[in-house]
>>> print(open('coords_39.cif').read())   # mmCIF, C-alpha atoms
data_protein
loop_
_atom_site.group_PDB
_atom_site.id
_atom_site.type_symbol
_atom_site.label_atom_id
_atom_site.label_comp_id
_atom_site.auth_asym_id
_atom_site.auth_seq_id
_atom_site.Cartn_x
_atom_site.Cartn_y
_atom_site.Cartn_z
ATOM 1 C CA MET A 2 -205.221 33.466 -14.036
ATOM 2 C CA LYS A 3 -208.672 34.007 -15.575
ATOM 3 C CA SER A 4 -207.164 35.689 -18.639
ATOM 4 C CA THR A 5 -204.800 32.726 -19.155
ATOM 5 C CA VAL A 6 -207.672 30.231 -19.013
ATOM 6 C CA PHE A 7 -209.720 32.423 -21.376
ATOM 7 C CA SER A 8 -206.876 32.706 -23.918
ATOM 8 C CA GLN A 9 -206.314 28.938 -23.891
ATOM 9 C CA SER A 10 -210.042 28.281 -24.327
ATOM 10 C CA TYR A 11 -210.211 30.862 -27.126
ATOM 11 C CA PHE A 12 -207.323 29.180 -28.954
ATOM 12 C CA ILE A 13 -208.968 25.752 -28.658
ATOM 13 C CA ILE A 14 -212.269 27.089 -30.042
ATOM 14 C CA ILE A 15 -210.581 28.855 -32.961
ATOM 15 C CA PHE A 16 -208.513 25.782 -33.776
ATOM 16 C CA LEU A 17 -211.562 23.489 -33.762
ATOM 17 C CA VAL A 18 -213.348 25.911 -36.089
ATOM 18 C CA LEU A 19 -210.405 25.792 -38.498
ATOM 19 C CA LEU A 20 -210.399 22.005 -38.395
ATOM 20 C CA SER A 21 -214.109 21.928 -39.126
ATOM 21 C CA VAL A 22 -213.496 24.149 -42.156
ATOM 22 C CA ALA A 23 -210.862 21.657 -43.306
ATOM 23 C CA CYS A 24 -213.500 18.944 -43.163
ATOM 24 C CA LEU A 25 -215.391 20.639 -46.006
ATOM 25 C CA THR A 26 -212.531 20.693 -48.474
ATOM 26 C CA THR A 27 -212.416 18.848 -51.767
ATOM 27 C CA ARG A 28 -209.663 16.385 -52.548
ATOM 28 C CA ALA A 29 -206.202 17.965 -52.563
ATOM 29 C CA GLN A 30 -204.075 16.459 -55.306
ATOM 30 C CA GLU A 31 -200.451 17.389 -55.973
ATOM 31 C CA VAL A 32 -199.349 17.409 -59.598
ATOM 32 C CA ASP A 33 -197.506 14.292 -60.755
ATOM 33 C CA ASP A 34 -195.563 16.161 -63.478
ATOM 34 C CA GLU A 35 -193.759 19.134 -61.955
ATOM 35 C CA ARG A 36 -191.967 20.383 -65.069
ATOM 36 C CA GLU A 37 -194.338 23.335 -65.593
ATOM 37 C CA PHE A 38 -193.018 25.177 -62.549
ATOM 38 C CA SER A 39 -189.603 25.686 -60.971
ATOM 39 C CA TYR A 40 -188.008 26.669 -57.678
ATOM 40 C CA VAL A 41 -185.737 29.316 -59.262
ATOM 41 C CA GLN A 42 -186.607 32.534 -57.442
ATOM 42 C CA ASP A 43 -186.276 34.976 -60.367
ATOM 43 C CA ALA A 44 -187.649 32.667 -63.084
ATOM 44 C CA ASP A 45 -190.926 33.367 -64.887
ATOM 45 C CA ASN A 46 -192.242 30.032 -63.589
ATOM 46 C CA GLY A 47 -190.636 30.405 -60.137
ATOM 47 C CA PRO A 48 -192.488 30.360 -56.770
ATOM 48 C CA ALA A 49 -193.640 33.988 -57.020
ATOM 49 C CA HIS A 50 -195.443 33.175 -60.285
ATOM 50 C CA TRP A 51 -196.926 29.720 -59.649
ATOM 51 C CA GLY A 52 -200.406 31.175 -59.329
ATOM 52 C CA GLU A 53 -200.152 32.698 -62.816
ATOM 53 C CA ILE A 54 -199.214 29.523 -64.690
ATOM 54 C CA ARG A 55 -202.663 27.897 -64.551
ATOM 55 C CA PRO A 56 -206.017 29.312 -63.402
ATOM 56 C CA GLU A 57 -206.477 26.335 -61.044
ATOM 57 C CA TRP A 58 -203.165 27.221 -59.378
ATOM 58 C CA SER A 59 -204.282 30.739 -58.400
ATOM 59 C CA GLU A 60 -204.283 29.959 -54.656
ATOM 60 C CA CYS A 61 -200.481 29.731 -54.802
ATOM 61 C CA ASN A 62 -200.495 33.544 -55.036
ATOM 62 C CA SER A 63 -203.831 34.590 -53.545
ATOM 63 C CA GLY A 64 -204.326 32.118 -50.692
ATOM 64 C CA ARG A 65 -204.036 33.282 -47.094
ATOM 65 C CA MET A 66 -203.402 29.820 -45.613
ATOM 66 C CA GLN A 67 -200.306 28.862 -47.570
ATOM 67 C CA SER A 68 -197.423 26.594 -46.535
ATOM 68 C CA PRO A 69 -194.653 26.332 -45.487
ATOM 69 C CA ILE A 70 -194.399 28.679 -42.498
ATOM 70 C CA ASP A 71 -191.835 29.579 -39.854
ATOM 71 C CA LEU A 72 -192.660 27.841 -36.566
ATOM 72 C CA LEU A 73 -191.753 30.678 -34.244
ATOM 73 C CA ASP A 74 -191.845 30.088 -30.485
ATOM 74 C CA GLN A 75 -193.574 33.422 -29.805
ATOM 75 C CA ARG A 76 -196.521 32.459 -32.039
ATOM 76 C CA VAL A 77 -197.068 28.950 -30.693
ATOM 77 C CA ALA A 78 -199.699 28.011 -28.103
ATOM 78 C CA MET A 79 -198.550 24.990 -26.090
ATOM 79 C CA GLY A 80 -200.816 22.374 -24.552
ATOM 80 C CA SER A 81 -201.981 18.777 -24.530
ATOM 81 C CA HIS A 82 -205.504 19.327 -25.923
ATOM 82 C CA LEU A 83 -204.499 18.409 -29.505
ATOM 83 C CA GLY A 84 -204.091 14.778 -28.485
ATOM 84 C CA ARG A 85 -201.504 12.120 -29.147
ATOM 85 C CA LEU A 86 -200.760 11.323 -32.797
ATOM 86 C CA ASN A 87 -201.700 7.667 -33.262
ATOM 87 C CA ARG A 88 -200.071 5.779 -36.144
ATOM 88 C CA ASP A 89 -201.014 2.374 -37.456
ATOM 89 C CA TYR A 90 -198.831 1.965 -40.521
ATOM 90 C CA GLU A 91 -198.309 -1.323 -42.376
ATOM 91 C CA PRO A 92 -195.885 -2.588 -45.062
ATOM 92 C CA SER A 93 -197.323 -2.240 -48.560
ATOM 93 C CA ASN A 94 -196.353 -2.450 -52.227
ATOM 94 C CA ALA A 95 -194.843 0.820 -53.482
ATOM 95 C CA THR A 96 -193.462 2.633 -56.520
ATOM 96 C CA LEU A 97 -190.821 5.371 -56.735
ATOM 97 C CA ILE A 98 -191.901 8.181 -59.067
ATOM 98 C CA ASN A 99 -189.640 10.922 -60.406
ATOM 99 C CA ARG A 100 -192.019 13.905 -60.599
ATOM 100 C CA GLY A 101 -189.451 16.324 -61.978
ATOM 101 C CA HIS A 102 -188.479 18.253 -58.850
ATOM 102 C CA ASP A 103 -188.793 15.527 -56.218
ATOM 103 C CA MET A 104 -188.875 11.779 -55.673
ATOM 104 C CA MET A 105 -192.245 10.443 -54.548
ATOM 105 C CA LEU A 106 -192.828 7.047 -52.967
ATOM 106 C CA ARG A 107 -196.426 6.000 -53.667
ATOM 107 C CA TRP A 108 -198.007 3.071 -51.834
ATOM 108 C CA ILE A 109 -200.276 1.297 -54.329
ATOM 109 C CA ASN A 110 -203.225 0.660 -52.001
ATOM 110 C CA GLY A 111 -202.235 2.770 -49.031
ATOM 111 C CA ALA A 112 -200.015 1.775 -46.124
ATOM 112 C CA GLY A 113 -202.063 2.051 -42.967
ATOM 113 C CA HIS A 114 -203.256 5.237 -41.335
ATOM 114 C CA ILE A 115 -202.996 7.917 -38.680
ATOM 115 C CA GLU A 116 -205.832 9.181 -36.489
ATOM 116 C CA ILE A 117 -206.534 12.889 -36.016
ATOM 117 C CA ASN A 118 -209.496 14.033 -33.925
ATOM 118 C CA GLY A 119 -211.180 10.658 -34.346
ATOM 119 C CA THR A 120 -210.778 10.555 -38.140
ATOM 120 C CA LEU A 121 -208.594 7.993 -39.927
ATOM 121 C CA PHE A 122 -206.288 9.270 -42.667
ATOM 122 C CA GLN A 123 -204.740 6.684 -44.993
ATOM 123 C CA LEU A 124 -201.046 7.029 -45.848
ATOM 124 C CA ASN A 125 -200.747 7.260 -49.649
ATOM 125 C CA GLN A 126 -197.358 8.747 -50.472
ATOM 126 C CA ALA A 127 -194.136 10.272 -49.193
ATOM 127 C CA HIS A 128 -191.684 12.702 -50.785
ATOM 128 C CA TRP A 129 -188.609 14.706 -49.809
ATOM 129 C CA HIS A 130 -187.608 18.377 -49.973
ATOM 130 C CA THR A 131 -184.032 19.630 -49.704
ATOM 131 C CA PRO A 132 -183.471 21.812 -47.802
ATOM 132 C CA SER A 133 -186.462 21.763 -45.452
ATOM 133 C CA GLU A 134 -189.502 23.856 -46.364
ATOM 134 C CA HIS A 135 -190.689 24.647 -42.838
ATOM 135 C CA THR A 136 -188.342 26.441 -40.488
ATOM 136 C CA ILE A 137 -188.160 26.550 -36.690
ATOM 137 C CA ASN A 138 -187.390 29.986 -35.248
ATOM 138 C CA GLY A 139 -186.042 30.984 -38.646
ATOM 139 C CA ARG A 140 -183.711 28.014 -39.025
ATOM 140 C CA ARG A 141 -183.944 25.909 -42.168
ATOM 141 C CA TYR A 142 -182.715 22.316 -41.949
ATOM 142 C CA ASP A 143 -181.116 20.043 -44.557
ATOM 143 C CA MET A 144 -184.133 17.932 -45.542
ATOM 144 C CA GLU A 145 -187.853 17.525 -44.898
ATOM 145 C CA LEU A 146 -189.963 14.411 -45.421
ATOM 146 C CA HIS A 147 -193.691 14.759 -46.138
ATOM 147 C CA LEU A 148 -196.035 11.848 -45.415
ATOM 148 C CA VAL A 149 -199.301 12.564 -47.239
ATOM 149 C CA HIS A 150 -202.559 11.064 -45.959
ATOM 150 C CA GLU A 151 -206.175 11.222 -47.092
ATOM 151 C CA SER A 152 -209.454 10.461 -45.300
ATOM 152 C CA ASN A 153 -212.547 8.811 -46.765
ATOM 153 C CA ASP A 154 -214.193 12.238 -47.049
ATOM 154 C CA ASN A 155 -211.264 13.655 -49.062
ATOM 155 C CA ARG A 156 -209.523 15.615 -46.337
ATOM 156 C CA THR A 157 -205.733 15.740 -46.531
ATOM 157 C CA ALA A 158 -203.292 15.572 -43.624
ATOM 158 C CA VAL A 159 -199.518 15.840 -44.004
ATOM 159 C CA ILE A 160 -196.878 14.900 -41.454
ATOM 160 C CA GLY A 161 -193.581 16.738 -41.867
ATOM 161 C CA ILE A 162 -190.272 15.561 -40.377
ATOM 162 C CA MET A 163 -187.143 17.710 -40.593
ATOM 163 C CA TYR A 164 -183.563 16.448 -40.717
ATOM 164 C CA LYS A 165 -180.091 17.852 -40.159
ATOM 165 C CA ILE A 166 -176.794 16.374 -41.342
ATOM 166 C CA GLY A 167 -175.567 13.593 -39.073
ATOM 167 C CA ARG A 168 -176.094 9.843 -38.846
ATOM 168 C CA PRO A 169 -177.825 8.162 -41.815
ATOM 169 C CA ASP A 170 -181.616 7.944 -41.760
ATOM 170 C CA SER A 171 -182.693 4.310 -41.406
ATOM 171 C CA PHE A 172 -185.756 4.639 -43.672
ATOM 172 C CA LEU A 173 -183.746 6.184 -46.516
ATOM 173 C CA SER A 174 -181.143 3.449 -46.060
ATOM 174 C CA THR A 175 -183.785 0.875 -47.061
ATOM 175 C CA MET A 176 -184.460 2.909 -50.226
ATOM 176 C CA GLN A 177 -180.816 3.468 -51.141
ATOM 177 C CA ARG A 178 -180.458 0.755 -53.796
ATOM 178 C CA ALA A 179 -183.633 1.812 -55.647
ATOM 179 C CA LEU A 180 -182.705 5.497 -55.470
ATOM 180 C CA SER A 181 -179.229 4.724 -56.821
ATOM 181 C CA VAL A 182 -180.756 2.939 -59.818
ATOM 182 C CA VAL A 183 -183.097 5.854 -60.516
ATOM 183 C CA ALA A 184 -180.203 8.322 -60.162
ATOM 184 C CA ARG A 185 -178.169 6.324 -62.673
ATOM 185 C CA THR A 186 -180.936 5.612 -65.213
ATOM 186 C CA HIS A 187 -183.270 8.571 -64.567
ATOM 187 C CA GLU A 188 -186.257 6.257 -64.733
ATOM 188 C CA VAL A 189 -189.596 8.016 -64.241
ATOM 189 C CA GLU A 190 -191.131 5.113 -62.314
ATOM 190 C CA LYS A 191 -189.569 2.160 -60.547
ATOM 191 C CA ALA A 192 -191.387 -0.570 -58.632
ATOM 192 C CA VAL A 193 -189.656 -1.126 -55.293
ATOM 193 C CA GLY A 194 -191.775 -3.907 -53.777
ATOM 194 C CA ILE A 195 -192.935 -3.919 -50.169
ATOM 195 C CA VAL A 196 -191.952 -0.801 -48.198
ATOM 196 C CA ASN A 197 -192.645 -0.450 -44.479
ATOM 197 C CA PRO A 198 -193.503 3.160 -43.463
ATOM 198 C CA GLY A 199 -193.246 2.051 -39.847
ATOM 199 C CA LEU A 200 -189.482 2.444 -40.307
ATOM 200 C CA VAL A 201 -189.942 6.218 -40.488
ATOM 201 C CA LYS A 202 -188.832 7.378 -37.044
ATOM 202 C CA PHE A 203 -190.539 10.304 -35.318
ATOM 203 C CA GLY A 204 -188.452 10.267 -32.142
ATOM 204 C CA SER A 205 -190.834 12.534 -30.258
ATOM 205 C CA ARG A 206 -194.507 12.780 -29.339
ATOM 206 C CA LYS A 207 -194.339 16.585 -29.514
ATOM 207 C CA TYR A 208 -195.605 18.173 -32.695
ATOM 208 C CA TYR A 209 -196.764 21.461 -34.210
ATOM 209 C CA ARG A 210 -200.253 21.644 -35.738
ATOM 210 C CA TYR A 211 -201.708 24.260 -38.065
ATOM 211 C CA ILE A 212 -203.953 24.582 -41.120
ATOM 212 C CA GLY A 213 -202.060 25.284 -44.340
ATOM 213 C CA SER A 214 -201.736 24.203 -47.960
ATOM 214 C CA LEU A 215 -199.920 21.898 -50.323
ATOM 215 C CA THR A 216 -196.420 23.298 -50.891
ATOM 216 C CA VAL A 217 -196.501 22.567 -54.636
ATOM 217 C CA PRO A 218 -199.138 23.576 -57.201
ATOM 218 C CA PRO A 219 -202.101 23.706 -57.061
ATOM 219 C CA CYS A 220 -201.311 24.880 -53.461
ATOM 220 C CA THR A 221 -204.713 23.644 -52.249
ATOM 221 C CA GLN A 222 -205.587 24.990 -48.797
ATOM 222 C CA ASP A 223 -207.258 23.524 -45.689
ATOM 223 C CA ILE A 224 -204.511 20.919 -45.295
ATOM 224 C CA ILE A 225 -204.002 19.664 -41.726
ATOM 225 C CA TRP A 226 -200.281 19.976 -41.056
ATOM 226 C CA THR A 227 -198.445 18.102 -38.302
ATOM 227 C CA ILE A 228 -194.737 18.913 -37.963
ATOM 228 C CA VAL A 229 -192.755 16.636 -35.640
ATOM 229 C CA ARG A 230 -190.896 18.781 -33.098
ATOM 230 C CA LYS A 231 -187.747 16.641 -32.972
ATOM 231 C CA VAL A 232 -185.263 17.251 -35.777
ATOM 232 C CA ARG A 233 -183.767 13.940 -36.877
ATOM 233 C CA THR A 234 -180.538 13.191 -38.782
ATOM 234 C CA VAL A 235 -179.674 12.225 -42.354
ATOM 235 C CA SER A 236 -176.272 11.706 -43.941
ATOM 236 C CA ARG A 237 -174.869 14.128 -46.492
ATOM 237 C CA GLU A 238 -174.640 11.238 -48.977
ATOM 238 C CA GLN A 239 -178.366 10.465 -48.567
ATOM 239 C CA VAL A 240 -179.334 14.078 -49.237
ATOM 240 C CA ARG A 241 -177.137 14.088 -52.332
ATOM 241 C CA LEU A 242 -178.689 10.834 -53.534
ATOM 242 C CA ILE A 243 -182.210 12.248 -53.217
ATOM 243 C CA ARG A 244 -181.242 15.224 -55.369
ATOM 244 C CA ASP A 245 -179.264 13.151 -57.914
ATOM 245 C CA ALA A 246 -182.261 10.885 -58.490
ATOM 246 C CA VAL A 247 -184.382 13.832 -59.680
ATOM 247 C CA TYR A 248 -183.915 14.766 -63.317
ATOM 248 C CA ASP A 249 -184.213 18.570 -62.951
ATOM 249 C CA GLU A 250 -180.538 18.860 -61.829
ATOM 250 C CA ALA A 251 -181.510 21.669 -59.434
ATOM 251 C CA GLU A 252 -179.810 22.282 -56.110
ATOM 252 C CA ALA A 253 -183.029 22.669 -54.105
ATOM 253 C CA ASN A 254 -186.773 22.016 -54.211
ATOM 254 C CA SER A 255 -188.112 24.055 -51.296
ATOM 255 C CA ARG A 256 -190.843 26.671 -51.498
ATOM 256 C CA PRO A 257 -190.101 29.972 -49.691
ATOM 257 C CA ILE A 258 -191.723 30.666 -46.316
ATOM 258 C CA GLN A 259 -195.297 31.987 -46.607
ATOM 259 C CA HIS A 260 -197.105 34.601 -44.493
ATOM 260 C CA LEU A 261 -198.835 33.272 -41.400
ATOM 261 C CA HIS A 262 -201.585 35.940 -41.575
ATOM 262 C CA ASP A 263 -204.066 35.345 -38.738
ATOM 263 C CA ARG A 264 -203.557 31.601 -38.362
ATOM 264 C CA HIS A 265 -202.895 29.875 -35.057
ATOM 265 C CA VAL A 266 -200.158 27.294 -34.479
ATOM 266 C CA GLY A 267 -200.408 24.746 -31.685
ATOM 267 C CA LEU A 268 -197.639 22.703 -30.094
ATOM 268 C CA TYR A 269 -198.754 19.400 -28.611
ATOM 269 C CA ARG A 270 -196.899 18.616 -25.398
ATOM 270 C CA PRO A 271 -197.780 15.408 -23.509
ATOM 271 C CA LYS A 272 -198.894 15.910 -19.933
ATOM 272 C CA ASP A 273 -196.071 13.682 -18.716
ATOM 273 C CA ASN A 274 -193.570 16.024 -20.458
ATOM 274 C CA LYS A 275 -191.635 13.053 -21.884
ATOM 275 C CA ASN A 276 -190.247 13.283 -25.421
#
>>> encode(input="coords_39.cif", output="structure tokens")
Amino acid sequence: MKSTVFSQSYFIIIFLVLLSVACLTTRAQEVDDEREFSYVQDADNGPAHWGEIRPEWSECNSGRMQSPIDLLDQRVAMGSHLGRLNRDYEPSNATLINRGHDMMLRWINGAGHIEINGTLFQLNQAHWHTPSEHTINGRRYDMELHLVHESNDNRTAVIGIMYKIGRPDSFLSTMQRALSVVARTHEVEKAVGIVNPGLVKFGSRKYYRYIGSLTVPPCTQDIIWTIVRKVRTVSREQVRLIRDAVYDEAEANSRPIQHLHDRHVGLYRPKDNKN
């Protein structure tokens, strides 16, 4: 019993130390033009070589806190100490941007916020990866949505939601007309008016939490990752539309799984054990 309490306390201390390190990071900015790198495994500019393309991308190869990772049950410490993920999103003016390998939805002046450990992180953009980048017990799903947030002191927090083929996703359904236009015209940017991120469904209060990196160059580390435990559904047509809208004509835009090294992964489970 004492050893169990000690191990839980040790995990909490280590995790808080990692979060405090994340507080010291500089602003993490994904590239807006992704044509310099590719997702082709054996290409000279493929994932294994991202860190060689530019000096400021070196962490893609040398970093020890890289993302995505496999969320393996045996490595996860469960508990309720991480706290409930509080969202306060609001509809805001947005633009769809074709970055070369993915479609990004950027809210012009932010779209509300989430709260993590007492800090507010403003929602700035969302983008999609097909198939998913993170895996659960080795299983890769059909799509992953990343909601990218930033705090006033330049910390970055990303919420990831994974999807499998099934019923259409309601949030993507609201974007369908704009995505169809971009797929047909291959526009680089398209104003889409007011978009409500509150329509993004989580479906569960359970989530994984770990410290990782951006999954595209420059692969900046000390990113606070929150992966929703529930896998939601998306239609096959919606996944195809997301890929057709991107002008690289590739079949996938997912970075390979990275080494966990000595990082800890937590799984938030509400005390009431619901959802």
>>> atom_distance(input="coords_39.cif", atom1="atom CA of Arg264 of chain A", atom2="atom CA of Lys202 of chain A")
28.4 Å
>>> residues_around(input="coords_39.cif", residues="Ala127 of chain A", least_positions_apart="2", cutoff="10 Å", atoms="all atoms listed in the file", output="ChimeraX atom specification")
/A:97,104-108,124-125,129,146-150,159-161,198
>>> closest_residue(input="coords_39.cif", among="A:Val235, A:Leu180, A:Cys61, A:Leu121", to="Asp154 of chain A", atoms="all atoms listed in the file")
A:Leu121
>>> atom_distance(input="coords_39.cif", atom1="atom CA of Thr131 of chain A", atom2="atom CA of Pro56 of chain A")
27.7 Å
>>> closest_atom_pairs(input="coords_39.cif", of="segment 145-231 of chain A", to="segment 113-118 of chain A", cutoff="10 Å", atoms="only C-alpha atoms", output="Markdown table")
| residue | atom | partner | partner_atom | distance |
| --- | --- | --- | --- | --- |
| A:His150 | CA | A:His114 | CA | 7.5 |
| A:Glu151 | CA | A:His114 | CA | 8.8 |
| A:Ser152 | CA | A:His114 | CA | 9.0 |
| A:Ala158 | CA | A:Ile117 | CA | 8.7 |
| A:Ile160 | CA | A:Ile115 | CA | 9.7 |
| A:Asn197 | CA | A:Gly113 | CA | 9.9 |
| A:Pro198 | CA | A:Gly113 | CA | 8.6 |
| A:Gly199 | CA | A:Gly113 | CA | 9.4 |
| A:Ile225 | CA | A:Ile117 | CA | 9.2 |
| A:Thr227 | CA | A:Ile117 | CA | 9.9 |
>>> closest_residue(input="coords_39.cif", among="A:Leu268, A:Val229, A:Val182, A:Val189", to="Leu242 of chain A", atoms="all atoms listed in the file")
A:Val182
>>> atom_distance(input="coords_39.cif", atom1="atom CA of Trp58 of chain A", atom2="atom CA of Asp103 of chain A")
18.8 Å
>>> closest_residue(input="coords_39.cif", among="A:Thr234, A:Gln30, A:Ser171, A:Gln126", to="Glu57 of chain A", atoms="only C-alpha atoms")
A:Gln30
>>> closest_residue(input="coords_39.cif", among="A:Trp226, A:Phe203, A:Phe172, A:Tyr269", to="Gln239 of chain A", atoms="only C-alpha atoms")
A:Phe172
>>> resolve_selection(input="coords_39.cif", expression="the PyMOL selection byres ((chain A and resi 208-224) around 9)", output="ChimeraX atom specification")
/A:16,19-20,22-26,28-32,35,38,51-52,55,57-62,64-70,72,77,83,86,134,156-159,205-207,225-231,255-256,264-270
>>> resolve_selection(input="coords_39.cif", expression="the PyMOL selection byres ((chain A and resi 138) around 12)", output="PyMOL selection string")
chain A and resi 70-77+135-137+139-142+230+258
>>> decode(input="coords_39.cif", residues="segment 112-138 of chain A", atoms="N, CA and C atoms", output="PDB file, in the first residue's frame")
ATOM      1  N   ALA A 112     -10.449  31.974 -30.569  1.00  0.00           N
ATOM      2  CA  ALA A 112     -11.836  31.501 -30.473  1.00  0.00           C
ATOM      3  C   ALA A 112     -12.108  30.922 -29.097  1.00  0.00           C
ATOM      4  N   GLY A 113     -11.814  31.722 -28.066  1.00  0.00           N
ATOM      5  CA  GLY A 113     -12.020  31.237 -26.714  1.00  0.00           C
ATOM      6  C   GLY A 113     -10.788  30.516 -26.194  1.00  0.00           C
ATOM      7  N   HIS A 114     -10.956  29.736 -25.131  1.00  0.00           N
ATOM      8  CA  HIS A 114      -9.786  29.156 -24.496  1.00  0.00           C
ATOM      9  C   HIS A 114     -10.106  27.867 -23.739  1.00  0.00           C
ATOM     10  N   ILE A 115      -9.037  27.188 -23.345  1.00  0.00           N
ATOM     11  CA  ILE A 115      -9.107  26.088 -22.394  1.00  0.00           C
ATOM     12  C   ILE A 115      -8.282  26.496 -21.171  1.00  0.00           C
ATOM     13  N   GLU A 116      -8.499  25.796 -20.057  1.00  0.00           N
ATOM     14  CA  GLU A 116      -7.732  26.059 -18.851  1.00  0.00           C
ATOM     15  C   GLU A 116      -6.986  24.810 -18.426  1.00  0.00           C
ATOM     16  N   ILE A 117      -5.674  24.938 -18.271  1.00  0.00           N
ATOM     17  CA  ILE A 117      -4.838  23.821 -17.815  1.00  0.00           C
ATOM     18  C   ILE A 117      -4.015  24.298 -16.629  1.00  0.00           C
ATOM     19  N   ASN A 118      -4.189  23.643 -15.499  1.00  0.00           N
ATOM     20  CA  ASN A 118      -3.445  23.993 -14.281  1.00  0.00           C
ATOM     21  C   ASN A 118      -3.523  25.481 -13.956  1.00  0.00           C
ATOM     22  N   GLY A 119      -4.710  26.064 -14.146  1.00  0.00           N
ATOM     23  CA  GLY A 119      -4.929  27.451 -13.794  1.00  0.00           C
ATOM     24  C   GLY A 119      -4.500  28.453 -14.841  1.00  0.00           C
ATOM     25  N   THR A 120      -3.953  27.990 -15.959  1.00  0.00           N
ATOM     26  CA  THR A 120      -3.512  28.882 -17.037  1.00  0.00           C
ATOM     27  C   THR A 120      -4.477  28.803 -18.207  1.00  0.00           C
ATOM     28  N   LEU A 121      -4.841  29.960 -18.771  1.00  0.00           N
ATOM     29  CA  LEU A 121      -5.706  30.004 -19.944  1.00  0.00           C
ATOM     30  C   LEU A 121      -4.883  29.917 -21.216  1.00  0.00           C
ATOM     31  N   PHE A 122      -5.322  29.062 -22.132  1.00  0.00           N
ATOM     32  CA  PHE A 122      -4.682  28.899 -23.435  1.00  0.00           C
ATOM     33  C   PHE A 122      -5.711  29.237 -24.509  1.00  0.00           C
ATOM     34  N   GLN A 123      -5.404  30.224 -25.331  1.00  0.00           N
ATOM     35  CA  GLN A 123      -6.338  30.656 -26.379  1.00  0.00           C
ATOM     36  C   GLN A 123      -6.284  29.726 -27.584  1.00  0.00           C
ATOM     37  N   LEU A 124      -7.461  29.345 -28.089  1.00  0.00           N
ATOM     38  CA  LEU A 124      -7.538  28.520 -29.293  1.00  0.00           C
ATOM     39  C   LEU A 124      -7.253  29.377 -30.517  1.00  0.00           C
ATOM     40  N   ASN A 125      -6.211  29.023 -31.275  1.00  0.00           N
ATOM     41  CA  ASN A 125      -5.818  29.795 -32.457  1.00  0.00           C
ATOM     42  C   ASN A 125      -6.073  29.085 -33.776  1.00  0.00           C
ATOM     43  N   GLN A 126      -5.874  27.779 -33.816  1.00  0.00           N
ATOM     44  CA  GLN A 126      -6.033  27.073 -35.087  1.00  0.00           C
ATOM     45  C   GLN A 126      -6.328  25.602 -34.870  1.00  0.00           C
ATOM     46  N   ALA A 127      -6.819  24.974 -35.943  1.00  0.00           N
ATOM     47  CA  ALA A 127      -7.074  23.536 -35.956  1.00  0.00           C
ATOM     48  C   ALA A 127      -6.597  22.987 -37.295  1.00  0.00           C
ATOM     49  N   HIS A 128      -6.143  21.733 -37.296  1.00  0.00           N
ATOM     50  CA  HIS A 128      -5.777  21.087 -38.558  1.00  0.00           C
ATOM     51  C   HIS A 128      -5.943  19.579 -38.405  1.00  0.00           C
ATOM     52  N   TRP A 129      -5.937  18.874 -39.525  1.00  0.00           N
ATOM     53  CA  TRP A 129      -6.253  17.452 -39.546  1.00  0.00           C
ATOM     54  C   TRP A 129      -5.104  16.629 -40.117  1.00  0.00           C
ATOM     55  N   HIS A 130      -4.928  15.426 -39.544  1.00  0.00           N
ATOM     56  CA  HIS A 130      -3.949  14.462 -40.057  1.00  0.00           C
ATOM     57  C   HIS A 130      -4.685  13.175 -40.406  1.00  0.00           C
ATOM     58  N   THR A 131      -4.334  12.602 -41.550  1.00  0.00           N
ATOM     59  CA  THR A 131      -4.917  11.318 -41.956  1.00  0.00           C
ATOM     60  C   THR A 131      -3.798  10.386 -42.437  1.00  0.00           C
ATOM     61  N   PRO A 132      -3.674   9.194 -41.835  1.00  0.00           N
ATOM     62  CA  PRO A 132      -4.424   8.715 -40.664  1.00  0.00           C
ATOM     63  C   PRO A 132      -3.960   9.429 -39.404  1.00  0.00           C
ATOM     64  N   SER A 133      -4.394   8.935 -38.240  1.00  0.00           N
ATOM     65  CA  SER A 133      -4.019   9.588 -36.983  1.00  0.00           C
ATOM     66  C   SER A 133      -2.504   9.509 -36.783  1.00  0.00           C
ATOM     67  N   GLU A 134      -1.973  10.473 -36.027  1.00  0.00           N
ATOM     68  CA  GLU A 134      -0.543  10.449 -35.708  1.00  0.00           C
ATOM     69  C   GLU A 134      -0.304   9.653 -34.429  1.00  0.00           C
ATOM     70  N   HIS A 135      -1.041   9.953 -33.368  1.00  0.00           N
ATOM     71  CA  HIS A 135      -0.937   9.156 -32.153  1.00  0.00           C
ATOM     72  C   HIS A 135      -1.620   7.809 -32.367  1.00  0.00           C
ATOM     73  N   THR A 136      -1.181   6.843 -31.606  1.00  0.00           N
ATOM     74  CA  THR A 136      -1.821   5.524 -31.625  1.00  0.00           C
ATOM     75  C   THR A 136      -2.173   5.138 -30.186  1.00  0.00           C
ATOM     76  N   ILE A 137      -3.140   4.253 -30.047  1.00  0.00           N
ATOM     77  CA  ILE A 137      -3.525   3.730 -28.736  1.00  0.00           C
ATOM     78  C   ILE A 137      -3.298   2.223 -28.751  1.00  0.00           C
ATOM     79  N   ASN A 138      -2.376   1.775 -27.899  1.00  0.00           N
ATOM     80  CA  ASN A 138      -1.997   0.358 -27.855  1.00  0.00           C
ATOM     81  C   ASN A 138      -1.628  -0.156 -29.245  1.00  0.00           C
TER      82      ASN A 138
END
